[in-house]
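Peer 1: Please find work-v9.txt (compact mmCIF, C-alpha atoms) on the next line:
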# COMPACT_ATOMS: atom_id res chain seq x y z
CA MET A 1 -0.18 -7.40 -20.20
CA ALA A 2 -2.98 -4.92 -19.85
CA ALA A 3 -2.72 -1.70 -21.86
CA PRO A 4 -0.60 0.79 -19.94
CA ARG A 5 -2.29 3.55 -18.03
CA ILE A 6 -0.92 7.01 -18.40
CA ARG A 7 -1.11 9.81 -15.88
CA VAL A 8 0.21 13.26 -16.70
CA LYS A 9 0.08 16.38 -14.60
CA VAL A 10 0.64 19.72 -16.35
CA PRO A 11 -0.68 23.00 -14.93
CA SER A 12 -3.58 24.25 -17.06
CA SER A 13 -2.25 27.80 -17.07
CA ALA A 14 1.00 29.66 -16.51
CA SER A 15 2.57 33.05 -17.14
CA ALA A 16 4.95 33.49 -20.10
CA GLY A 17 8.47 32.31 -19.34
CA GLU A 18 7.41 30.54 -16.17
CA VAL A 19 9.16 27.32 -15.20
CA ILE A 20 6.53 24.68 -14.58
CA THR A 21 6.71 21.22 -13.03
CA ILE A 22 5.53 18.30 -15.13
CA LYS A 23 4.82 14.89 -13.69
CA THR A 24 4.23 11.73 -15.68
CA LEU A 25 3.56 8.14 -14.75
CA ILE A 26 2.88 5.12 -16.93
CA SER A 27 1.88 1.70 -15.68
CA HIS A 28 4.26 -0.86 -17.11
CA GLU A 29 5.79 -4.13 -15.96
CA MET A 30 9.31 -3.15 -17.09
CA GLU A 31 10.23 -6.82 -17.51
CA SER A 32 14.01 -6.76 -17.24
CA GLY A 33 14.87 -9.83 -19.30
CA GLN A 34 16.80 -11.23 -16.35
CA ARG A 35 14.03 -13.25 -14.81
CA LYS A 36 13.04 -16.83 -15.49
CA ASP A 37 9.60 -18.40 -15.48
CA LYS A 38 8.56 -21.55 -13.63
CA ASP A 39 10.10 -23.81 -16.30
CA GLY A 40 13.42 -22.01 -16.24
CA ASN A 41 12.94 -20.16 -19.53
CA THR A 42 14.08 -16.58 -19.67
CA ILE A 43 11.20 -14.11 -19.72
CA PRO A 44 12.00 -11.83 -22.66
CA ARG A 45 12.83 -8.22 -21.94
CA GLU A 46 9.94 -5.83 -22.39
CA ILE A 47 10.45 -2.34 -21.11
CA ILE A 48 9.65 1.23 -21.99
CA ASN A 49 12.97 2.16 -23.62
CA ASN A 50 12.44 5.82 -24.43
CA PHE A 51 10.40 8.74 -23.20
CA THR A 52 10.09 12.14 -24.84
CA CYS A 53 8.22 15.32 -24.17
CA GLU A 54 7.57 17.81 -26.96
CA PHE A 55 6.12 21.30 -26.74
CA ASN A 56 4.49 22.56 -29.95
CA GLY A 57 6.65 20.13 -31.90
CA THR A 58 9.94 21.00 -30.20
CA LYS A 59 11.56 18.34 -28.07
CA VAL A 60 12.01 19.64 -24.53
CA PHE A 61 12.86 16.44 -22.67
CA GLU A 62 14.10 13.02 -23.64
CA CYS A 63 15.14 10.07 -21.57
CA GLN A 64 16.41 6.62 -22.42
CA LEU A 65 15.39 3.87 -20.07
CA ASP A 66 17.29 0.73 -19.19
CA PRO A 67 16.19 -2.56 -17.67
CA ALA A 68 17.15 -1.55 -14.15
CA ILE A 69 14.34 1.03 -14.03
CA SER A 70 11.56 -0.26 -11.83
CA SER A 71 7.99 -0.85 -12.92
CA ASN A 72 5.57 2.04 -13.46
CA PRO A 73 8.25 4.60 -14.39
CA TYR A 74 7.62 8.05 -12.98
CA PHE A 75 9.22 11.24 -14.29
CA GLU A 76 9.16 14.68 -12.82
CA PHE A 77 10.86 17.49 -14.73
CA TYR A 78 10.69 21.19 -15.44
CA ALA A 79 9.94 23.17 -18.58
CA LYS A 80 9.89 26.85 -19.41
CA VAL A 81 6.74 27.84 -21.29
CA PRO A 82 7.01 30.87 -23.62
CA GLU A 83 3.53 30.60 -25.16
CA SER A 84 0.27 28.69 -25.10
CA GLY A 85 0.47 25.30 -26.66
CA THR A 86 0.40 21.54 -26.30
CA PHE A 87 2.73 19.18 -24.55
CA LYS A 88 3.00 15.81 -26.22
CA PHE A 89 4.35 12.88 -24.26
CA THR A 90 5.56 9.71 -25.95
CA TRP A 91 6.59 6.41 -24.45
CA GLN A 92 8.28 3.83 -26.66
CA ASP A 93 7.76 0.18 -25.77
CA ASP A 94 10.19 -2.65 -26.63
CA ASN A 95 7.31 -4.45 -28.35
CA GLY A 96 7.12 -1.66 -30.94
CA GLU A 97 4.10 0.09 -29.51
CA THR A 98 4.07 3.80 -28.83
CA TYR A 99 1.90 5.36 -26.18
CA THR A 100 1.10 9.06 -26.36
CA GLU A 101 -0.72 11.63 -24.33
CA GLU A 102 -1.30 15.35 -24.89
CA LYS A 103 -1.94 18.22 -22.52
CA ASP A 104 -2.76 21.84 -23.33
CA ILE A 105 -1.46 24.79 -21.43
CA GLU A 106 -2.76 28.37 -21.50
CA VAL A 107 -0.03 30.96 -21.20
CA SER A 108 -0.91 34.56 -20.41
CA MET B 1 42.04 9.02 45.76
CA LYS B 2 43.32 7.12 42.78
CA LYS B 3 40.98 4.25 43.56
CA THR B 4 37.95 6.53 43.41
CA ALA B 5 38.93 7.81 40.00
CA ILE B 6 39.17 4.30 38.57
CA LEU B 7 35.86 3.40 40.08
CA LEU B 8 34.26 6.42 38.48
CA THR B 9 35.68 5.54 35.07
CA GLY B 10 34.25 2.09 35.54
CA VAL B 11 30.80 3.44 36.14
CA VAL B 12 30.97 5.66 33.07
CA THR B 13 32.03 2.77 30.83
CA LEU B 14 29.22 0.58 32.09
CA THR B 15 26.65 3.27 31.39
CA THR B 16 27.98 3.79 27.89
CA LEU B 17 27.87 0.06 27.23
CA ALA B 18 24.32 -0.23 28.42
CA LEU B 19 23.21 2.38 25.90
CA ALA B 20 25.43 1.64 22.94
CA PRO B 21 24.00 -1.65 21.60
CA ARG B 22 20.51 -0.26 21.57
CA VAL B 23 20.00 0.18 17.84
CA LEU B 24 16.77 2.04 17.98
CA ALA B 25 15.63 4.52 15.40
CA ASP B 26 12.46 6.27 16.40
CA PRO B 27 9.74 6.67 13.84
CA VAL B 28 9.57 10.20 12.46
CA ASP B 29 7.29 12.82 13.92
CA GLU B 30 5.64 14.13 10.77
CA ALA B 31 2.13 14.87 9.59
CA LEU B 32 0.70 13.14 6.53
CA THR B 33 -1.77 14.85 4.23
CA ILE B 34 -3.00 13.20 1.02
CA ASP B 35 -4.92 15.41 -1.43
CA GLY B 36 -5.76 17.80 1.37
CA GLN B 37 -7.07 14.95 3.50
CA GLU B 38 -5.43 14.76 6.89
CA ILE B 39 -4.31 11.24 7.75
CA ILE B 40 -4.20 10.14 11.38
CA THR B 41 -0.85 8.43 11.79
CA THR B 42 -0.75 8.27 15.58
CA ALA B 43 -3.68 7.55 17.85
CA PRO B 44 -4.26 6.47 21.43
CA ALA B 45 -4.41 2.68 21.52
CA PRO B 46 -7.90 1.14 21.74
CA THR B 47 -8.84 0.46 25.37
CA GLU B 48 -11.69 -1.98 24.82
CA PRO B 49 -11.13 -4.89 25.27
CA GLU B 50 -8.20 -4.47 27.62
CA GLY B 51 -4.73 -5.65 26.87
CA HIS B 52 -3.37 -3.44 24.09
CA PRO B 53 0.42 -3.53 24.47
CA PHE B 54 1.02 0.08 23.36
CA ASP B 55 -0.11 3.47 24.64
CA GLU B 56 -0.07 4.83 21.15
CA VAL B 57 -0.60 3.14 17.80
CA ARG B 58 1.46 4.37 14.88
CA SER B 59 1.12 4.03 11.16
CA GLY B 60 3.84 2.17 9.30
CA TRP B 61 4.23 5.32 7.20
CA LEU B 62 6.18 6.89 10.08
CA TYR B 63 8.78 4.13 9.88
CA ARG B 64 9.57 4.45 6.19
CA GLU B 65 12.32 6.36 4.37
CA PRO B 66 11.66 9.97 3.30
CA ASP B 67 11.37 8.94 -0.39
CA THR B 68 8.78 6.29 0.37
CA ARG B 69 6.87 8.66 2.62
CA SER B 70 6.66 11.38 -0.01
CA MET B 71 5.56 8.84 -2.63
CA GLU B 72 2.51 8.03 -0.52
CA ALA B 73 1.83 11.68 0.30
CA ASP B 74 1.40 12.51 -3.39
CA SER B 75 -1.53 10.58 -4.81
CA PHE B 76 -0.23 11.26 -8.32
CA GLU B 77 3.13 9.71 -7.63
CA ASN B 78 1.67 6.80 -5.66
CA PRO B 79 1.65 3.85 -8.10
CA GLY B 80 -1.02 2.19 -5.97
CA MET B 81 -3.46 4.77 -7.31
CA LEU B 82 -3.21 3.08 -10.73
CA ALA B 83 -4.80 0.05 -9.12
CA VAL B 84 -7.46 2.22 -7.53
CA GLU B 85 -8.33 3.61 -10.99
CA ARG B 86 -8.58 0.09 -12.37
CA GLY B 87 -10.73 -0.81 -9.37
CA GLU B 88 -13.10 2.02 -10.19
CA GLU B 89 -13.52 0.66 -13.71
CA ILE B 90 -14.29 -2.78 -12.32
CA TRP B 91 -16.81 -1.19 -9.97
CA ASN B 92 -18.65 0.25 -12.98
CA THR B 93 -18.38 -2.81 -15.25
CA ALA B 94 -21.30 -5.22 -15.46
CA GLU B 95 -20.35 -8.88 -15.11
CA GLY B 96 -22.07 -12.20 -14.57
CA GLU B 97 -25.47 -13.62 -15.48
CA ALA B 98 -27.45 -10.84 -13.80
CA GLY B 99 -25.70 -8.32 -16.05
CA GLN B 100 -25.01 -6.03 -13.16
CA SER B 101 -22.06 -4.10 -11.84
CA CYS B 102 -21.39 -2.93 -8.30
CA ALA B 103 -22.55 0.50 -9.47
CA SER B 104 -25.93 -0.86 -10.62
CA CYS B 105 -27.03 -1.13 -6.98
CA HIS B 106 -24.62 1.23 -5.23
CA GLU B 107 -24.79 4.26 -7.47
CA ASP B 108 -22.67 6.87 -5.82
CA ALA B 109 -19.55 4.92 -4.88
CA SER B 110 -17.78 7.71 -3.02
CA GLU B 111 -20.85 8.37 -0.86
CA PHE B 112 -21.92 4.76 -0.40
CA LEU B 113 -18.45 3.47 0.35
CA LYS B 114 -17.42 6.21 2.73
CA GLY B 115 -16.32 4.50 5.93
CA VAL B 116 -17.00 0.97 4.65
CA GLY B 117 -13.30 0.16 4.33
CA ALA B 118 -12.66 1.40 7.87
CA SER B 119 -15.19 -0.93 9.48
CA TYR B 120 -14.10 -4.33 8.16
CA PRO B 121 -13.74 -7.18 9.08
CA LYS B 122 -17.37 -7.41 10.15
CA TRP B 123 -19.54 -10.19 11.49
CA ASP B 124 -21.33 -12.15 8.78
CA GLU B 125 -24.46 -13.78 10.18
CA ALA B 126 -24.98 -16.09 7.19
CA SER B 127 -21.61 -17.83 7.42
CA GLY B 128 -21.22 -17.41 11.17
CA LYS B 129 -17.75 -15.95 10.60
CA PRO B 130 -16.11 -12.58 10.20
CA ILE B 131 -16.01 -11.32 6.63
CA ASN B 132 -13.51 -8.95 5.04
CA ILE B 133 -13.77 -6.78 1.93
CA GLU B 134 -12.36 -9.44 -0.39
CA LEU B 135 -14.82 -12.08 0.81
CA PHE B 136 -17.65 -9.57 0.74
CA ILE B 137 -16.90 -8.81 -2.91
CA ASN B 138 -16.88 -12.53 -3.70
CA LYS B 139 -20.14 -13.06 -1.87
CA HIS B 140 -21.84 -10.32 -3.86
CA ARG B 141 -20.35 -11.52 -7.12
CA GLU B 142 -21.75 -14.99 -6.57
CA GLU B 143 -25.07 -14.15 -4.96
CA LYS B 144 -26.12 -10.91 -6.63
CA MET B 145 -24.22 -10.75 -9.91
CA GLY B 146 -24.10 -14.41 -10.83
CA ALA B 147 -20.41 -13.98 -11.53
CA GLU B 148 -17.50 -16.14 -10.50
CA ALA B 149 -15.79 -15.40 -7.23
CA TYR B 150 -12.31 -13.94 -7.59
CA LYS B 151 -9.41 -16.24 -6.92
CA PHE B 152 -7.13 -15.17 -4.11
CA ASP B 153 -4.86 -12.29 -5.15
CA GLU B 154 -6.21 -12.06 -8.66
CA ASP B 155 -5.42 -8.53 -9.88
CA ALA B 156 -9.08 -7.59 -10.09
CA GLN B 157 -9.60 -8.61 -6.47
CA LYS B 158 -6.75 -6.43 -5.27
CA ASP B 159 -7.74 -3.51 -7.49
CA LEU B 160 -11.38 -3.52 -6.43
CA THR B 161 -10.50 -3.93 -2.75
CA ALA B 162 -8.07 -1.02 -3.03
CA PHE B 163 -10.73 1.12 -4.70
CA ILE B 164 -13.29 0.32 -2.00
CA LYS B 165 -10.88 1.02 0.85
CA ASN B 166 -9.55 4.16 -0.81
CA GLN B 167 -13.04 5.66 -0.54
CA SER B 168 -12.46 5.69 3.23
CA LEU B 169 -9.10 7.43 2.97
CA GLY B 170 -8.51 9.33 6.20
CA ILE B 171 -11.36 7.72 8.14
CA PRO B 172 -10.15 6.02 11.35
CA VAL B 173 -10.32 2.24 11.49
CA GLU B 174 -12.94 1.04 13.92
CA ILE B 175 -14.29 -2.48 13.94
CA ASP B 176 -17.33 -3.63 15.88
CA LEU B 177 -16.36 -6.46 18.19
CA SER B 178 -19.78 -6.62 19.83
CA GLU B 179 -21.41 -8.18 16.76
CA GLY B 180 -22.03 -11.91 16.79
CA ASP B 181 -19.12 -13.98 17.93
CA MET B 182 -16.42 -11.46 17.01
CA MET B 183 -14.87 -11.55 20.48
CA SER B 184 -13.96 -15.21 20.29
CA TRP B 185 -12.34 -14.58 16.88
CA TRP B 186 -10.50 -11.68 18.46
CA GLU B 187 -9.26 -14.04 21.19
CA GLU B 188 -8.17 -16.58 18.62
CA GLY B 189 -6.41 -13.93 16.59
CA LYS B 190 -4.60 -12.72 19.69
CA GLU B 191 -3.42 -16.23 20.40
CA ARG B 192 -2.15 -16.51 16.82
CA TYR B 193 -0.39 -13.16 17.14
CA TYR B 194 1.67 -14.36 20.08
CA LEU B 195 2.21 -17.89 18.76
CA ARG B 196 5.82 -18.56 17.85
CA THR B 197 6.14 -20.51 14.62
CA GLY B 198 8.72 -21.91 12.26
CA GLN B 199 12.36 -22.79 12.48
CA LEU B 200 13.11 -19.23 13.49
CA ASN B 201 10.58 -19.50 16.30
CA LEU B 202 9.12 -16.03 15.79
CA SER B 203 5.68 -14.69 16.54
CA CYS B 204 4.10 -11.55 15.09
CA ALA B 205 4.80 -9.90 18.44
CA THR B 206 8.52 -10.68 18.32
CA CYS B 207 9.04 -8.14 15.55
CA HIS B 208 6.07 -5.83 15.69
CA GLU B 209 5.64 -5.54 19.44
CA GLN B 210 8.89 -6.31 21.25
CA ASN B 211 11.21 -4.94 18.57
CA ASN B 212 9.21 -2.34 16.70
CA GLY B 213 11.35 0.70 16.06
CA ARG B 214 14.46 -1.47 15.74
CA TYR B 215 16.04 -2.66 12.56
CA ILE B 216 15.90 -6.22 11.25
CA ARG B 217 18.75 -6.03 8.79
CA ALA B 218 17.81 -3.02 6.65
CA ASP B 219 14.15 -3.05 7.55
CA HIS B 220 12.79 -0.63 10.12
CA LEU B 221 10.23 -2.67 12.02
CA SER B 222 6.83 -1.03 12.37
CA GLN B 223 3.96 -1.93 14.64
CA GLY B 224 2.54 -4.01 11.81
CA ASN B 225 -0.75 -2.17 11.52
CA THR B 226 -3.11 -3.08 8.71
CA ASN B 227 -4.68 0.29 7.90
CA GLY B 228 -2.87 0.71 4.57
CA PHE B 229 -3.75 -2.60 2.89
CA PRO B 230 -3.80 -3.48 0.05
CA THR B 231 -0.41 -1.78 0.08
CA TYR B 232 1.83 -0.86 -2.83
CA ARG B 233 5.15 -2.54 -2.00
CA LEU B 234 8.18 -1.29 -3.84
CA LYS B 235 9.75 -4.72 -3.45
CA GLN B 236 7.07 -6.34 -5.62
CA GLY B 237 6.20 -3.24 -7.62
CA ALA B 238 2.59 -4.20 -7.11
CA LEU B 239 -0.28 -4.16 -4.68
CA VAL B 240 0.08 -6.64 -1.85
CA SER B 241 -3.02 -7.85 -0.06
CA LEU B 242 -3.22 -8.29 3.68
CA HIS B 243 -3.49 -12.06 3.56
CA ASN B 244 -0.55 -12.23 1.17
CA ARG B 245 1.44 -10.25 3.73
CA PHE B 246 0.31 -12.48 6.60
CA ARG B 247 1.41 -15.53 4.67
CA GLY B 248 4.68 -13.90 3.68
CA CYS B 249 5.50 -13.03 7.27
CA ILE B 250 4.69 -16.51 8.53
CA ARG B 251 6.68 -18.04 5.66
CA ASP B 252 9.64 -15.89 6.67
CA THR B 253 9.63 -17.56 10.09
CA ARG B 254 10.17 -20.74 8.04
CA ALA B 255 6.85 -22.19 9.04
CA GLU B 256 4.07 -23.72 7.01
CA PHE B 257 1.66 -20.93 6.27
CA PRO B 258 -2.13 -21.08 6.37
CA ASP B 259 -4.41 -20.54 3.37
CA ALA B 260 -5.64 -17.07 2.58
CA PHE B 261 -9.01 -16.32 4.21
CA SER B 262 -8.66 -19.43 6.39
CA ASP B 263 -10.19 -19.20 9.86
CA GLU B 264 -6.74 -18.74 11.30
CA LEU B 265 -5.90 -15.73 9.16
CA MET B 266 -9.39 -14.24 9.42
CA ALA B 267 -8.99 -14.32 13.22
CA LEU B 268 -5.62 -12.63 12.82
CA GLU B 269 -7.18 -9.99 10.58
CA VAL B 270 -9.84 -9.24 13.23
CA TYR B 271 -7.19 -8.93 15.92
CA THR B 272 -4.71 -6.84 13.93
CA ALA B 273 -7.46 -4.50 12.65
CA TRP B 274 -8.37 -3.88 16.30
CA ARG B 275 -4.72 -3.29 17.24
CA GLY B 276 -4.47 -0.52 14.67
CA GLY B 277 -7.84 1.00 15.61
CA GLY B 278 -7.94 4.79 15.45
CA LEU B 279 -5.47 5.08 12.58
CA SER B 280 -6.77 6.42 9.29
CA VAL B 281 -7.32 4.12 6.34
CA GLU B 282 -4.31 4.81 4.09
CA THR B 283 -5.09 2.45 1.23
CA PRO B 284 -3.12 2.25 -1.00
CA ALA B 285 -0.22 2.88 1.35
CA VAL B 286 3.31 2.80 -0.07
CA ARG B 287 5.81 0.64 1.74
CA GLN B 288 9.32 -0.63 1.06
Any chance you could give the structure as structure tokens?
Peer 2:
Amino acid sequence: MAAPRIRVKVPSSASAGEVITIKTLISHEMESGQRKDKDGNTIPREIINNFTCEFNGTKVFECQLDPAISSNPYFEFYAKVPESGTFKFTWQDDNGETYTEEKDIEVS
Amino acid sequence: MKKTAILLTGVVTLTTLALAPRVLADPVDEALTIDGQEIITTAPAPTEPEGHPFDEVRSGWLYREPDTRSMEADSFENPGMLAVERGEEIWNTAEGEAGQSCASCHEDASEFLKGVGASYPKWDEASGKPINIELFINKHREEKMGAEAYKFDEDAQKDLTAFIKNQSLGIPVEIDLSEGDMMSWWEEGKERYYLRTGQLNLSCATCHEQNNGRYIRADHLSQGNTNGFPTYRLKQGALVSLHNRFRGCIRDTRAEFPDAFSDELMALEVYTAWRGGGLSVETPAVRQ
């Protein structure tokens, strides 16, 4: 499988204490482990099993994913920003890989 | 007096019956804007040549569920845009013996490609046939880049086609039927459109013309316009090309289905592109 593509949308600026909308999308097959290939062998499960969002090192959002989640998982959630800083997004793959992305936000 | 009353009741019942079985859910009346770009989702049907069955052509977007509609309206949320991004990379990557990429000749993709996706299929003098975006890419890969032609429905083919068509987002589809022999292909495509096939004995028109707006099981039948292809289908979780869809539809009538890019399906592409003329290119549309 090709390396996943990550798309993250965080406003570049906000006022202190504002609740902002964060959108994330990662391209991933989310192979459920239920399907069989042409020869009847089970295709092993390979999904993103965990997603976290940290702000300046503090976890603000976490989500465990199960095989029923469709491909290219998309998350939209809210976060209150008290100060300027960096959002760090982490996706954990079944195959052991971790994909990360960071976005800065300016708070005035 | 009593007799009249019964008669009246009878009339009322009959009227109710005549209306009740009509399971018809109208498409929504909503406007679609993608990244500030207005998308034309209803347009007066093309009048030349004569014989369009509808007064108004409608985008399949209007027939989809609210969730699916909003997914297409937000280009961030639209998973088809991932393919468009990959397509852009392919556009800029040199391949083949000539060591050239699409961008080597056509520098400013967004300027050069504006409207291109809205005008295909076009007449191709060299082969004496209509040519679509996929075949055009293959032709250039072989002739100009010295690269191998893409196999049908290879990811790169779908991605690059989606990228090229996405550059015409919002531009109304208009194909030129006056070029070469396009009209006879149009005629052939029309014949194919109304040809009943398979064990189920269905033609394209059975669903998309006579029953559009009705439900076939859980599926709200649209007019079957092609302005959003390659389309991101939630069912597959991937881009689906037009010829894949053609074949899928024909297969579902339990008929043998023609090869992709065969004369039969190219004729159908010419005819269906004309049927949806006036609608904006929506590639990559999101459908169920």
Peer 1: Taking the point (-0.5, 0.3, -4.9) as given in the file, collect each protein or nucleic acid residue that comes within 12 Å of it, counting only C-alpha atoms, and present the set as a count of residues only.
Peer 2: 48
Peer 1: B:Ala156, B:Ala149, B:Leu169, B:Cys207: which is nearest chain A, counting only C-alpha atoms?
Peer 2: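 Of B:Ala156, B:Ala149, B:Leu169, B:Cys207, the one nearest chain A, counting only C-alpha atoms, is B:Ala156.
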Peer 1: CA of Glu191 in chain B and CA of Thr42 in chain B, how far apart in Å?
Peer 2: 25.1 Å
Peer 1: Produce a table with one row for each residue of chain A that has an atom at most 10 Å from any atom of chain B, each row naming the nearest atom pair and its distance in Å at one decimal; use all atoms listed in the file; arrange rows by chain and rising residue number; format as JSON lines.
Peer 2:
{"residue": "A:Pro4", "atom": "CA", "partner": "B:Leu82", "partner_atom": "CA", "distance": 9.8}
{"residue": "A:Arg5", "atom": "CA", "partner": "B:Leu82", "partner_atom": "CA", "distance": 7.4}
{"residue": "A:Ile6", "atom": "CA", "partner": "B:Leu82", "partner_atom": "CA", "distance": 8.9}
{"residue": "A:Arg7", "atom": "CA", "partner": "B:Phe76", "partner_atom": "CA", "distance": 7.7}
{"residue": "A:Val8", "atom": "CA", "partner": "B:Phe76", "partner_atom": "CA", "distance": 8.6}
{"residue": "A:Lys9", "atom": "CA", "partner": "B:Phe76", "partner_atom": "CA", "distance": 8.1}
{"residue": "A:Lys23", "atom": "CA", "partner": "B:Glu77", "partner_atom": "CA", "distance": 8.1}
{"residue": "A:Thr24", "atom": "CA", "partner": "B:Glu77", "partner_atom": "CA", "distance": 8.4}
{"residue": "A:Leu25", "atom": "CA", "partner": "B:Glu77", "partner_atom": "CA", "distance": 7.3}
{"residue": "A:Ile26", "atom": "CA", "partner": "B:Leu82", "partner_atom": "CA", "distance": 8.9}
{"residue": "A:Ser27", "atom": "CA", "partner": "B:Leu82", "partner_atom": "CA", "distance": 7.2}
{"residue": "A:His28", "atom": "CA", "partner": "B:Gly237", "partner_atom": "CA", "distance": 10.0}
{"residue": "A:Glu29", "atom": "CA", "partner": "B:Gly237", "partner_atom": "CA", "distance": 8.4}
{"residue": "A:Met30", "atom": "CA", "partner": "B:Gly237", "partner_atom": "CA", "distance": 10.0}
{"residue": "A:Ser70", "atom": "CA", "partner": "B:Gly237", "partner_atom": "CA", "distance": 7.4}
{"residue": "A:Ser71", "atom": "CA", "partner": "B:Gly237", "partner_atom": "CA", "distance": 6.1}
{"residue": "A:Asn72", "atom": "CA", "partner": "B:Pro79", "partner_atom": "CA", "distance": 6.9}
{"residue": "A:Pro73", "atom": "CA", "partner": "B:Pro79", "partner_atom": "CA", "distance": 9.1}
{"residue": "A:Tyr74", "atom": "CA", "partner": "B:Glu77", "partner_atom": "CA", "distance": 7.2}
{"residue": "A:Phe75", "atom": "CA", "partner": "B:Glu77", "partner_atom": "CA", "distance": 9.2}
{"residue": "A:Glu76", "atom": "CA", "partner": "B:Glu77", "partner_atom": "CA", "distance": 9.4}
Peer 1: Do you know which residues are at most 9 Å from Ile250 in chain B counting all atoms listed in the file, after dropping those on the same chain fewer than 6 positions away, and could you put them as an NGL selection string?
Peer 2: :B and (197-198 or 202-204 or 256-258)
Peer 1: Those residues with C-alpha atoms, as a short mmCIF file (atom, residue, chain, number, x, y, z; two decimals), in the frame of the given file please?
Peer 2:
data_model
loop_
_atom_site.label_atom_id
_atom_site.label_comp_id
_atom_site.auth_asym_id
_atom_site.auth_seq_id
_atom_site.Cartn_x
_atom_site.Cartn_y
_atom_site.Cartn_z
CA THR B 197 6.14 -20.51 14.62
CA GLY B 198 8.72 -21.91 12.26
CA LEU B 202 9.12 -16.03 15.79
CA SER B 203 5.68 -14.69 16.54
CA CYS B 204 4.10 -11.55 15.09
CA GLU B 256 4.07 -23.72 7.01
CA PHE B 257 1.66 -20.93 6.27
CA PRO B 258 -2.13 -21.08 6.37
#
Peer 1: Using all atoms listed in the file, can you list as a PyMOL selection string the residues within 10 Å of (-8.3, 8.9, 10.2)?
Peer 2: chain B and resi 37-43+118+168-174+227+277-282
Peer 1: Between A:Gln34, A:Thr21, A:Asn95, A:Ser15, which is the closest to Ile48 in chain A once you count only C-alpha atoms?
Peer 2: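 Closest residue, counting only C-alpha atoms: A:Asn95.
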Peer 1: Could you tell me how far CA of Glu106 in chain A lies from CA of Glu62 in chain A, in Å and to one decimal?
Peer 2: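 We find that CA of Glu106 in chain A and CA of Glu62 in chain A lie 22.9 Å from each other.
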Peer 1: For Glu95 in chain B, list every protein, DNA or RNA residue within 7 Å, evaluated using only C-alpha atoms, and leave out those in the same chain fewer than 3 positions away; present the list as an MDAnalysis selection string.
Peer 2: chainID B and resid 99:101 145 147
